[in-house]
>>> print(open('query-v6.cif').read())   # mmCIF, C-alpha atoms
data_model
loop_
_atom_site.group_PDB
_atom_site.id
_atom_site.type_symbol
_atom_site.label_atom_id
_atom_site.label_comp_id
_atom_site.auth_asym_id
_atom_site.auth_seq_id
_atom_site.Cartn_x
_atom_site.Cartn_y
_atom_site.Cartn_z
ATOM 1 C CA MET Z 1 16.034 -18.580 -10.817
ATOM 2 C CA ARG Z 2 14.394 -16.233 -8.344
ATOM 3 C CA ALA Z 3 12.227 -13.086 -8.492
ATOM 4 C CA PHE Z 4 11.421 -10.590 -5.744
ATOM 5 C CA LEU Z 5 7.795 -9.385 -5.716
ATOM 6 C CA PHE Z 6 6.346 -6.260 -4.091
ATOM 7 C CA PRO Z 7 2.655 -5.899 -3.065
ATOM 8 C CA GLY Z 8 0.094 -3.320 -4.120
ATOM 9 C CA GLN Z 9 -2.804 -1.458 -2.543
ATOM 10 C CA GLY Z 10 -4.975 -3.398 -0.142
ATOM 11 C CA SER Z 11 -1.941 -4.698 1.773
ATOM 12 C CA GLN Z 12 -2.149 -1.881 4.329
ATOM 13 C CA SER Z 13 -3.279 -2.442 7.924
ATOM 14 C CA VAL Z 14 -2.924 -0.527 11.186
ATOM 15 C CA GLY Z 15 0.160 -1.762 13.021
ATOM 16 C CA MET Z 16 2.056 -2.569 9.822
ATOM 17 C CA GLY Z 17 5.806 -2.428 10.345
ATOM 18 C CA ALA Z 18 5.615 -1.701 14.078
ATOM 19 C CA ALA Z 19 7.140 -4.962 15.329
ATOM 20 C CA LEU Z 20 9.702 -4.923 12.506
ATOM 21 C CA ALA Z 21 10.779 -1.395 13.439
ATOM 22 C CA ASP Z 22 11.181 -2.441 17.065
ATOM 23 C CA ALA Z 23 13.526 -5.236 15.953
ATOM 24 C CA SER Z 24 15.436 -3.633 13.065
ATOM 25 C CA GLN Z 25 17.454 -0.421 12.841
ATOM 26 C CA ALA Z 26 17.330 -0.640 9.032
ATOM 27 C CA ALA Z 27 13.529 -0.692 9.168
ATOM 28 C CA ARG Z 28 13.419 2.256 11.598
ATOM 29 C CA ASP Z 29 15.734 4.220 9.331
ATOM 30 C CA THR Z 30 13.532 3.456 6.312
ATOM 31 C CA PHE Z 31 10.354 4.699 8.004
ATOM 32 C CA GLY Z 32 12.188 7.799 9.231
ATOM 33 C CA GLU Z 33 13.507 8.565 5.745
ATOM 34 C CA VAL Z 34 10.012 8.299 4.244
ATOM 35 C CA ASP Z 35 8.558 10.553 6.953
ATOM 36 C CA GLU Z 36 11.258 13.137 6.282
ATOM 37 C CA ALA Z 37 10.734 13.004 2.514
ATOM 38 C CA LEU Z 38 6.981 13.527 2.850
ATOM 39 C CA GLY Z 39 7.073 16.021 5.733
ATOM 40 C CA GLN Z 40 4.468 13.761 7.345
ATOM 41 C CA ASN Z 41 4.473 11.347 10.274
ATOM 42 C CA LEU Z 42 3.332 8.490 8.075
ATOM 43 C CA PHE Z 43 4.837 5.798 10.268
ATOM 44 C CA LYS Z 44 2.791 7.001 13.253
ATOM 45 C CA LEU Z 45 -0.309 6.607 11.074
ATOM 46 C CA MET Z 46 0.859 3.134 10.058
ATOM 47 C CA ARG Z 47 1.458 2.153 13.679
ATOM 48 C CA GLU Z 48 -1.607 3.691 15.298
ATOM 49 C CA GLY Z 49 -4.165 4.565 12.633
ATOM 50 C CA PRO Z 50 -6.904 5.658 12.350
ATOM 51 C CA GLU Z 51 -7.582 3.026 9.703
ATOM 52 C CA ASP Z 52 -9.754 5.349 7.595
ATOM 53 C CA ASP Z 53 -6.813 7.744 7.199
ATOM 54 C CA LEU Z 54 -4.402 4.921 6.386
ATOM 55 C CA LYS Z 55 -6.774 3.602 3.705
ATOM 56 C CA LEU Z 56 -6.760 6.953 1.884
ATOM 57 C CA THR Z 57 -4.965 6.318 -1.389
ATOM 58 C CA GLU Z 58 -2.448 9.110 -0.860
ATOM 59 C CA ASN Z 59 -1.386 7.500 2.449
ATOM 60 C CA ALA Z 60 -1.820 3.830 1.592
ATOM 61 C CA GLN Z 61 0.458 3.929 -1.443
ATOM 62 C CA PRO Z 62 3.583 5.361 0.240
ATOM 63 C CA ALA Z 63 2.829 3.331 3.393
ATOM 64 C CA ILE Z 64 2.791 0.007 1.540
ATOM 65 C CA MET Z 65 6.011 0.956 -0.238
ATOM 66 C CA ALA Z 66 7.672 2.062 3.030
ATOM 67 C CA HIS Z 67 6.761 -1.225 4.684
ATOM 68 C CA ALA Z 68 8.047 -3.301 1.769
ATOM 69 C CA LEU Z 69 11.308 -1.346 1.633
ATOM 70 C CA ALA Z 70 11.735 -1.625 5.410
ATOM 71 C CA VAL Z 71 11.492 -5.409 5.078
ATOM 72 C CA PHE Z 72 13.811 -5.353 2.057
ATOM 73 C CA ARG Z 73 16.446 -3.246 3.827
ATOM 74 C CA ALA Z 74 16.294 -5.415 6.937
ATOM 75 C CA LEU Z 75 16.966 -8.381 4.652
ATOM 76 C CA THR Z 76 19.761 -6.738 2.662
ATOM 77 C CA ARG Z 77 21.480 -4.457 5.181
ATOM 78 C CA GLU Z 78 21.164 -6.636 8.276
ATOM 79 C CA GLY Z 79 20.610 -10.052 6.705
ATOM 80 C CA GLY Z 80 23.495 -9.689 4.272
ATOM 81 C CA VAL Z 81 21.426 -10.528 1.183
ATOM 82 C CA SER Z 82 22.434 -8.869 -2.108
ATOM 83 C CA LEU Z 83 19.586 -8.406 -4.594
ATOM 84 C CA GLU Z 84 21.899 -8.692 -7.599
ATOM 85 C CA LYS Z 85 23.339 -11.981 -6.324
ATOM 86 C CA VAL Z 86 20.138 -13.732 -5.304
ATOM 87 C CA ALA Z 87 17.434 -12.379 -7.673
ATOM 88 C CA HIS Z 88 17.178 -12.437 -11.450
ATOM 89 C CA PHE Z 89 14.085 -10.206 -11.723
ATOM 90 C CA VAL Z 90 11.833 -7.893 -9.706
ATOM 91 C CA ALA Z 91 8.136 -7.151 -10.169
ATOM 92 C CA GLY Z 92 5.439 -5.288 -8.283
ATOM 93 C CA HIS Z 93 1.664 -5.198 -8.373
ATOM 94 C CA SER Z 94 0.517 -1.698 -9.403
ATOM 95 C CA LEU Z 95 2.147 0.699 -6.884
ATOM 96 C CA GLY Z 96 4.433 -2.221 -5.996
ATOM 97 C CA GLU Z 97 6.239 -1.545 -9.251
ATOM 98 C CA TYR Z 98 7.650 1.600 -7.605
ATOM 99 C CA SER Z 99 8.759 -0.441 -4.578
ATOM 100 C CA ALA Z 100 10.443 -2.931 -6.914
ATOM 101 C CA LEU Z 101 12.254 -0.152 -8.755
ATOM 102 C CA CYS Z 102 13.399 1.418 -5.489
ATOM 103 C CA ALA Z 103 14.709 -1.948 -4.281
ATOM 104 C CA ALA Z 104 16.540 -2.396 -7.591
ATOM 105 C CA GLY Z 105 18.145 1.060 -7.353
ATOM 106 C CA SER Z 106 16.190 2.857 -10.098
ATOM 107 C CA PHE Z 107 14.708 5.409 -7.669
ATOM 108 C CA ASP Z 108 16.058 6.535 -4.322
ATOM 109 C CA LEU Z 109 13.708 6.149 -1.360
ATOM 110 C CA PRO Z 110 12.705 9.840 -0.924
ATOM 111 C CA THR Z 111 11.874 10.099 -4.642
ATOM 112 C CA THR Z 112 9.801 6.902 -4.494
ATOM 113 C CA ALA Z 113 7.849 8.161 -1.478
ATOM 114 C CA LYS Z 114 7.107 11.519 -3.110
ATOM 115 C CA LEU Z 115 6.062 9.913 -6.405
ATOM 116 C CA LEU Z 116 3.646 7.564 -4.658
ATOM 117 C CA LYS Z 117 2.177 10.352 -2.534
ATOM 118 C CA LEU Z 118 1.544 12.312 -5.732
ATOM 119 C CA ARG Z 119 0.260 9.200 -7.532
ATOM 120 C CA GLY Z 120 -2.259 8.590 -4.754
ATOM 121 C CA GLN Z 121 -3.416 12.205 -4.748
ATOM 122 C CA ALA Z 122 -3.680 12.302 -8.553
ATOM 123 C CA MET Z 123 -5.641 9.049 -8.710
ATOM 124 C CA GLN Z 124 -8.062 10.272 -6.053
ATOM 125 C CA ALA Z 125 -8.521 13.626 -7.776
ATOM 126 C CA ALA Z 126 -9.029 12.117 -11.246
ATOM 127 C CA VAL Z 127 -12.613 10.994 -10.592
ATOM 128 C CA PRO Z 128 -15.126 12.524 -8.147
ATOM 129 C CA VAL Z 129 -16.027 10.234 -5.240
ATOM 130 C CA GLY Z 130 -19.019 8.076 -6.133
ATOM 131 C CA VAL Z 131 -18.561 8.326 -9.914
ATOM 132 C CA GLY Z 132 -16.274 5.310 -10.255
ATOM 133 C CA ALA Z 133 -16.054 1.853 -8.709
ATOM 134 C CA MET Z 134 -14.219 -1.467 -8.874
ATOM 135 C CA ALA Z 135 -15.303 -5.059 -8.374
ATOM 136 C CA ALA Z 136 -13.581 -8.427 -8.074
ATOM 137 C CA LEU Z 137 -14.915 -11.236 -10.237
ATOM 138 C CA LEU Z 138 -14.200 -14.562 -8.545
ATOM 139 C CA GLY Z 139 -14.237 -17.791 -10.511
ATOM 140 C CA ALA Z 140 -13.751 -15.798 -13.710
ATOM 141 C CA ASP Z 141 -10.796 -15.792 -16.075
ATOM 142 C CA LEU Z 142 -9.724 -12.875 -18.247
ATOM 143 C CA GLN Z 143 -11.857 -13.894 -21.238
ATOM 144 C CA LEU Z 144 -15.049 -14.171 -19.170
ATOM 145 C CA ALA Z 145 -14.282 -10.923 -17.308
ATOM 146 C CA GLU Z 146 -13.875 -9.072 -20.616
ATOM 147 C CA LYS Z 147 -17.263 -10.387 -21.788
ATOM 148 C CA ILE Z 148 -18.946 -9.311 -18.538
ATOM 149 C CA ALA Z 149 -17.336 -5.856 -18.715
ATOM 150 C CA ALA Z 150 -18.388 -5.386 -22.347
ATOM 151 C CA ALA Z 151 -21.978 -6.415 -21.600
ATOM 152 C CA ALA Z 152 -22.176 -4.084 -18.591
ATOM 153 C CA ALA Z 153 -20.593 -0.998 -20.192
ATOM 154 C CA GLN Z 154 -23.638 0.297 -22.093
ATOM 155 C CA GLY Z 155 -21.796 3.413 -23.202
ATOM 156 C CA GLU Z 156 -19.877 3.852 -19.932
ATOM 157 C CA ILE Z 157 -16.341 2.789 -19.017
ATOM 158 C CA CYS Z 158 -16.085 -0.800 -17.764
ATOM 159 C CA THR Z 159 -12.767 -2.563 -18.318
ATOM 160 C CA VAL Z 160 -10.479 -5.148 -16.754
ATOM 161 C CA ALA Z 161 -8.125 -3.462 -14.287
ATOM 162 C CA ASN Z 162 -6.209 -6.409 -12.801
ATOM 163 C CA ASP Z 163 -5.811 -9.861 -14.309
ATOM 164 C CA ASN Z 164 -4.614 -11.273 -10.996
ATOM 165 C CA ASP Z 165 -4.755 -15.042 -11.414
ATOM 166 C CA PRO Z 166 -6.835 -17.680 -13.216
ATOM 167 C CA SER Z 167 -9.714 -17.323 -10.732
ATOM 168 C CA GLN Z 168 -9.696 -13.606 -9.878
ATOM 169 C CA VAL Z 169 -10.046 -10.633 -12.201
ATOM 170 C CA VAL Z 170 -10.813 -7.063 -11.112
ATOM 171 C CA ILE Z 171 -12.888 -4.676 -13.228
ATOM 172 C CA SER Z 172 -12.981 -0.883 -13.025
ATOM 173 C CA GLY Z 173 -15.006 2.007 -14.440
ATOM 174 C CA HIS Z 174 -18.154 4.065 -13.942
ATOM 175 C CA LYS Z 175 -20.136 3.007 -10.872
ATOM 176 C CA GLY Z 176 -23.301 2.303 -12.884
ATOM 177 C CA ALA Z 177 -21.427 -0.015 -15.214
ATOM 178 C CA ILE Z 178 -19.705 -1.825 -12.342
ATOM 179 C CA ASP Z 179 -23.062 -2.270 -10.594
ATOM 180 C CA ARG Z 180 -24.464 -3.790 -13.808
ATOM 181 C CA ALA Z 181 -21.442 -6.072 -14.098
ATOM 182 C CA ILE Z 182 -21.984 -7.335 -10.562
ATOM 183 C CA GLU Z 183 -25.593 -8.159 -11.455
ATOM 184 C CA LEU Z 184 -24.594 -9.878 -14.717
ATOM 185 C CA ALA Z 185 -21.579 -11.758 -13.412
ATOM 186 C CA ARG Z 186 -23.250 -14.847 -11.983
ATOM 187 C CA GLU Z 187 -25.627 -15.401 -14.858
ATOM 188 C CA MET Z 188 -22.683 -15.101 -17.262
ATOM 189 C CA GLY Z 189 -20.666 -17.738 -15.407
ATOM 190 C CA ALA Z 190 -18.654 -16.078 -12.613
ATOM 191 C CA LYS Z 191 -18.917 -17.614 -9.133
ATOM 192 C CA ARG Z 192 -19.152 -14.303 -7.294
ATOM 193 C CA ALA Z 193 -18.782 -10.575 -7.890
ATOM 194 C CA LEU Z 194 -17.738 -8.359 -4.996
ATOM 195 C CA PRO Z 195 -17.609 -4.553 -4.959
ATOM 196 C CA LEU Z 196 -14.213 -3.406 -3.683
ATOM 197 C CA PRO Z 197 -13.858 -0.812 -0.902
ATOM 198 C CA VAL Z 198 -11.794 1.630 -2.988
ATOM 199 C CA SER Z 199 -12.141 5.365 -3.354
ATOM 200 C CA ALA Z 200 -11.453 5.559 -7.104
ATOM 201 C CA PRO Z 201 -11.607 3.364 -10.245
ATOM 202 C CA PHE Z 202 -7.934 2.460 -10.718
ATOM 203 C CA HIS Z 203 -6.353 1.114 -13.914
ATOM 204 C CA CYS Z 204 -9.022 2.247 -16.347
ATOM 205 C CA PRO Z 205 -9.347 5.146 -18.840
ATOM 206 C CA LEU Z 206 -11.035 7.338 -16.184
ATOM 207 C CA MET Z 207 -7.560 7.672 -14.637
ATOM 208 C CA GLN Z 208 -6.209 9.640 -17.622
ATOM 209 C CA PRO Z 209 -5.803 12.888 -15.595
ATOM 210 C CA ALA Z 210 -3.670 10.944 -13.094
ATOM 211 C CA ALA Z 211 -1.599 9.462 -15.924
ATOM 212 C CA GLU Z 212 -0.885 12.983 -17.184
ATOM 213 C CA ALA Z 213 0.129 14.094 -13.679
ATOM 214 C CA MET Z 214 2.515 11.146 -13.384
ATOM 215 C CA ALA Z 215 3.978 11.778 -16.841
ATOM 216 C CA ASP Z 216 4.822 15.304 -15.725
ATOM 217 C CA ALA Z 217 6.249 14.220 -12.359
ATOM 218 C CA LEU Z 218 8.315 11.377 -13.820
ATOM 219 C CA SER Z 219 9.815 13.698 -16.436
ATOM 220 C CA TYR Z 220 11.678 15.540 -13.668
ATOM 221 C CA VAL Z 221 13.129 12.634 -11.677
ATOM 222 C CA VAL Z 222 16.271 10.567 -12.100
ATOM 223 C CA LEU Z 223 15.476 6.984 -13.063
ATOM 224 C CA GLU Z 224 18.470 4.664 -13.270
ATOM 225 C CA ALA Z 225 18.513 1.260 -14.955
ATOM 226 C CA PRO Z 226 17.468 -1.337 -12.347
ATOM 227 C CA ALA Z 227 20.113 -3.700 -10.984
ATOM 228 C CA VAL Z 228 17.992 -6.607 -12.272
ATOM 229 C CA PRO Z 229 15.257 -6.401 -14.926
ATOM 230 C CA LEU Z 230 11.742 -5.333 -13.940
ATOM 231 C CA TYR Z 231 8.800 -7.349 -15.284
ATOM 232 C CA ALA Z 232 6.399 -4.524 -16.151
ATOM 233 C CA ASN Z 233 2.670 -4.593 -15.338
ATOM 234 C CA VAL Z 234 1.575 -3.286 -18.723
ATOM 235 C CA THR Z 235 3.631 -5.659 -20.898
ATOM 236 C CA ALA Z 236 4.273 -8.702 -18.660
ATOM 237 C CA GLN Z 237 7.807 -8.563 -20.094
ATOM 238 C CA PRO Z 238 11.184 -7.580 -18.613
ATOM 239 C CA ALA Z 239 12.520 -4.050 -19.013
ATOM 240 C CA THR Z 240 15.779 -2.344 -18.073
ATOM 241 C CA ASP Z 241 15.860 0.806 -20.214
ATOM 242 C CA PRO Z 242 15.045 3.858 -18.031
ATOM 243 C CA ASP Z 243 13.024 5.665 -20.729
ATOM 244 C CA THR Z 244 10.987 2.530 -21.413
ATOM 245 C CA ILE Z 245 10.290 2.035 -17.707
ATOM 246 C CA ARG Z 246 9.335 5.697 -17.338
ATOM 247 C CA SER Z 247 6.725 5.434 -20.097
ATOM 248 C CA GLN Z 248 5.435 2.128 -18.747
ATOM 249 C CA LEU Z 249 4.849 3.698 -15.327
ATOM 250 C CA VAL Z 250 2.637 6.291 -17.027
ATOM 251 C CA GLU Z 251 0.766 3.665 -19.076
ATOM 252 C CA GLN Z 252 0.240 1.636 -15.921
ATOM 253 C CA VAL Z 253 -2.077 4.277 -14.382
ATOM 254 C CA THR Z 254 -4.795 3.639 -16.984
ATOM 255 C CA GLY Z 255 -3.658 0.202 -18.171
ATOM 256 C CA MET Z 256 -4.407 -3.321 -17.015
ATOM 257 C CA VAL Z 257 -2.135 -4.956 -14.434
ATOM 258 C CA ARG Z 258 -1.175 -8.153 -16.271
ATOM 259 C CA TRP Z 259 -0.145 -10.035 -13.131
ATOM 260 C CA ARG Z 260 -1.190 -13.542 -14.219
ATOM 261 C CA GLU Z 261 0.819 -13.215 -17.430
ATOM 262 C CA THR Z 262 3.751 -11.645 -15.585
ATOM 263 C CA VAL Z 263 4.098 -14.571 -13.187
ATOM 264 C CA ALA Z 264 3.488 -17.164 -15.915
ATOM 265 C CA ASN Z 265 6.088 -15.526 -18.166
ATOM 266 C CA MET Z 266 8.656 -15.429 -15.371
ATOM 267 C CA PHE Z 267 8.001 -19.100 -14.603
ATOM 268 C CA ASP Z 268 8.387 -19.986 -18.291
ATOM 269 C CA ALA Z 269 11.672 -18.026 -18.314
ATOM 270 C CA GLY Z 270 12.974 -20.275 -15.537
ATOM 271 C CA VAL Z 271 11.942 -18.411 -12.376
ATOM 272 C CA HIS Z 272 10.700 -21.079 -9.980
ATOM 273 C CA GLU Z 273 11.330 -19.222 -6.698
ATOM 274 C CA PHE Z 274 9.265 -16.158 -5.833
ATOM 275 C CA VAL Z 275 9.915 -14.016 -2.755
ATOM 276 C CA GLU Z 276 7.135 -11.607 -1.728
ATOM 277 C CA VAL Z 277 8.614 -8.714 0.236
ATOM 278 C CA GLY Z 278 6.301 -7.016 2.728
ATOM 279 C CA GLY Z 279 3.060 -8.925 2.153
ATOM 280 C CA LYS Z 280 1.261 -12.239 1.872
ATOM 281 C CA VAL Z 281 -1.184 -11.565 -0.982
ATOM 282 C CA LEU Z 282 0.920 -12.028 -4.112
ATOM 283 C CA GLY Z 283 2.304 -15.358 -2.953
ATOM 284 C CA SER Z 284 -1.123 -16.977 -2.967
ATOM 285 C CA MET Z 285 -1.752 -15.572 -6.465
ATOM 286 C CA VAL Z 286 1.560 -17.026 -7.648
ATOM 287 C CA LYS Z 287 0.557 -20.489 -6.382
ATOM 288 C CA ARG Z 288 -2.753 -20.291 -8.256
ATOM 289 C CA ILE Z 289 -0.941 -19.237 -11.445
ATOM 290 C CA THR Z 290 2.022 -21.631 -11.187
ATOM 291 C CA PRO Z 291 1.299 -24.331 -8.560
ATOM 292 C CA ASP Z 292 4.798 -25.790 -8.920
ATOM 293 C CA ALA Z 293 6.537 -22.537 -7.925
ATOM 294 C CA ASN Z 294 8.205 -22.106 -4.547
ATOM 295 C CA VAL Z 295 6.861 -19.059 -2.703
ATOM 296 C CA THR Z 296 8.278 -17.277 0.331
ATOM 297 C CA SER Z 297 6.581 -14.306 2.000
ATOM 298 C CA ILE Z 298 8.722 -12.020 4.151
ATOM 299 C CA VAL Z 299 6.915 -9.732 6.598
ATOM 300 C CA THR Z 300 8.223 -10.226 10.150
ATOM 301 C CA ILE Z 301 11.734 -10.077 11.578
ATOM 302 C CA GLU Z 302 11.523 -13.863 11.944
ATOM 303 C CA ASP Z 303 10.738 -14.120 8.216
ATOM 304 C CA VAL Z 304 13.712 -11.854 7.480
ATOM 305 C CA GLU Z 305 16.095 -13.972 9.562
ATOM 306 C CA ALA Z 306 14.863 -17.226 8.024
ATOM 307 C CA ALA Z 307 15.083 -15.860 4.472
ATOM 308 C CA ALA Z 308 18.564 -14.467 5.063
ATOM 309 C CA LYS Z 309 19.798 -17.936 5.989
ATOM 310 C CA GLU Z 310 18.024 -19.621 3.114
ATOM 311 C CA ILE Z 311 18.768 -17.344 0.173
ATOM 312 C CA ALA Z 312 21.947 -15.435 1.068
#
>>> encode(input="query-v6.cif", output="structure tokens")
Amino acid sequence: MRAFLFPGQGSQSVGMGAALADASQAARDTFGEVDEALGQNLFKLMREGPEDDLKLTENAQPAIMAHALAVFRALTREGGVSLEKVAHFVAGHSLGEYSALCAAGSFDLPTTAKLLKLRGQAMQAAVPVGVGAMAALLGADLQLAEKIAAAAAQGEICTVANDNDPSQVVISGHKGAIDRAIELAREMGAKRALPLPVSAPFHCPLMQPAAEAMADALSYVVLEAPAVPLYANVTAQPATDPDTIRSQLVEQVTGMVRWRETVANMFDAGVHEFVEVGGKVLGSMVKRITPDANVTSIVTIEDVEAAAKEIA
């Protein structure tokens, strides 16, 4: 069995998608459709920068999705690969869940772009700059990360945001609490604790205003059942019911991304082939979670052509 995976924030870089667009009409069309939907020349920003503008959450989120969907459409429209025929599940890391749903036909591309633009703006606006922070705990599992977060909270918010793999957990909350967690981490058993260069504390209760904004926005859009089930971040279980998926997308804004469990559960369900579309970050996590899995990352036109031959 096979699952298609879609990356989250942090996968953006200046130049992303440029070579693919030069080689693929489907990719060019995808970037053009996103630009038109947003009324913004996002692809120019992706191609040329400046990097500081691309890293802004409201730009990074639709940009990462646009790149993943450009790769996906090059694979399906030009490579002749049918998602329903070659994949049993889709999943995405945080914003990647929207990319996965777009690929599976739940959202159309303009709707996905607009939702992610709004999601980025709402997440940025939820907490004043400097009030929140995030940190990666390396050499820490979920249980240790929860202990560190609890010890550091001291009346502030400090929770696990991403359970990425057995050796990497991300925490999120008030900056003071995250700073304390970084200080405590090594003495409590983590190998390293690194502050993350993010502009807001994602996936924690401080994001509640953004969750409310997304609940409102999602109430107005058409969400079809995906062509293959989506493994949801907040449950690490498959979902196909549109109303369930809609509510899970709202929960996801403040909830923990249960990526380690998601991959492990898919593997236990028989998924031994994972295809990362538009990035090379999730694949390495998959190998740390399930070393026996086969992982393919598709980013370049050469990757697309090779994958089309292998999995069509």
>>> closest_residue(input="query-v6.cif", among="Z:Phe202, Z:Phe43, Z:Phe89, Z:Phe274", to="Ala133 of chain Z", atoms="only C-alpha atoms")
Z:Phe202
>>> closest_residue(input="query-v6.cif", among="Z:Leu137, Z:Val160, Z:Met1, Z:Ala269", to="Gly189 of chain Z", atoms="only C-alpha atoms")
Z:Leu137
>>> residues_around(input="query-v6.cif", residues="Ala227 of chain Z", least_positions_apart="6", cutoff="7 Å", atoms="all atoms listed in the file", output="ChimeraX atom specification")
/Z:84,104-105
>>> atom_distance(input="query-v6.cif", atom1="atom CA of Asn164 of chain Z", atom2="atom CA of Gln9 of chain Z")
13.1 Å
>>> resolve_selection(input="query-v6.cif", expression="the PyMOL selection byres ((chain Z and resi 124) around 12)", output="PyMOL selection string")
chain Z and resi 55-61+117-123+125-133+198-202+206-211+213+253
>>> resolve_selection(input="query-v6.cif", expression="the PyMOL selection byres ((chain Z and resi 42) around 10)", output="ChimeraX atom specification")
/Z:31-32,34-36,38-41,43-49,54,59-60,62-63,66
>>> build_atoms(input="query-v6.cif", residues="segment 155-168 of chain Z", atoms="N, CA and C atoms", output="PDB file, keeping the file's coordinate frame")
ATOM      1  N   GLY Z 155     -22.200   2.043 -22.928  1.00  0.00           N
ATOM      2  CA  GLY Z 155     -21.796   3.413 -23.202  1.00  0.00           C
ATOM      3  C   GLY Z 155     -20.927   4.047 -22.132  1.00  0.00           C
ATOM      4  N   GLU Z 156     -20.760   3.362 -21.000  1.00  0.00           N
ATOM      5  CA  GLU Z 156     -19.877   3.852 -19.932  1.00  0.00           C
ATOM      6  C   GLU Z 156     -18.570   3.054 -19.956  1.00  0.00           C
ATOM      7  N   ILE Z 157     -17.611   3.503 -19.136  1.00  0.00           N
ATOM      8  CA  ILE Z 157     -16.341   2.789 -19.017  1.00  0.00           C
ATOM      9  C   ILE Z 157     -16.528   1.585 -18.106  1.00  0.00           C
ATOM     10  N   CYS Z 158     -16.102   0.422 -18.579  1.00  0.00           N
ATOM     11  CA  CYS Z 158     -16.085  -0.800 -17.764  1.00  0.00           C
ATOM     12  C   CYS Z 158     -15.038  -1.713 -18.381  1.00  0.00           C
ATOM     13  N   THR Z 159     -13.878  -1.808 -17.746  1.00  0.00           N
ATOM     14  CA  THR Z 159     -12.767  -2.563 -18.318  1.00  0.00           C
ATOM     15  C   THR Z 159     -12.089  -3.405 -17.246  1.00  0.00           C
ATOM     16  N   VAL Z 160     -11.276  -4.349 -17.694  1.00  0.00           N
ATOM     17  CA  VAL Z 160     -10.479  -5.148 -16.754  1.00  0.00           C
ATOM     18  C   VAL Z 160      -9.324  -4.296 -16.245  1.00  0.00           C
ATOM     19  N   ALA Z 161      -9.199  -4.240 -14.917  1.00  0.00           N
ATOM     20  CA  ALA Z 161      -8.125  -3.462 -14.287  1.00  0.00           C
ATOM     21  C   ALA Z 161      -6.954  -4.344 -13.889  1.00  0.00           C
ATOM     22  N   ASN Z 162      -7.248  -5.487 -13.272  1.00  0.00           N
ATOM     23  CA  ASN Z 162      -6.209  -6.409 -12.801  1.00  0.00           C
ATOM     24  C   ASN Z 162      -6.554  -7.826 -13.235  1.00  0.00           C
ATOM     25  N   ASP Z 163      -5.709  -8.424 -14.031  1.00  0.00           N
ATOM     26  CA  ASP Z 163      -5.811  -9.861 -14.309  1.00  0.00           C
ATOM     27  C   ASP Z 163      -4.890 -10.536 -13.305  1.00  0.00           C
ATOM     28  N   ASN Z 164      -5.449 -10.859 -12.127  1.00  0.00           N
ATOM     29  CA  ASN Z 164      -4.614 -11.273 -10.996  1.00  0.00           C
ATOM     30  C   ASN Z 164      -4.156 -12.720 -11.072  1.00  0.00           C
ATOM     31  N   ASP Z 165      -5.093 -13.624 -11.317  1.00  0.00           N
ATOM     32  CA  ASP Z 165      -4.755 -15.042 -11.414  1.00  0.00           C
ATOM     33  C   ASP Z 165      -5.903 -15.736 -12.151  1.00  0.00           C
ATOM     34  N   PRO Z 166      -5.805 -17.035 -12.388  1.00  0.00           N
ATOM     35  CA  PRO Z 166      -6.835 -17.680 -13.216  1.00  0.00           C
ATOM     36  C   PRO Z 166      -8.251 -17.628 -12.632  1.00  0.00           C
ATOM     37  N   SER Z 167      -8.383 -17.315 -11.359  1.00  0.00           N
ATOM     38  CA  SER Z 167      -9.714 -17.323 -10.732  1.00  0.00           C
ATOM     39  C   SER Z 167     -10.145 -15.973 -10.185  1.00  0.00           C
ATOM     40  N   GLN Z 168      -9.346 -14.921 -10.422  1.00  0.00           N
ATOM     41  CA  GLN Z 168      -9.696 -13.606  -9.878  1.00  0.00           C
ATOM     42  C   GLN Z 168      -9.277 -12.494 -10.835  1.00  0.00           C
TER      43      GLN Z 168
END
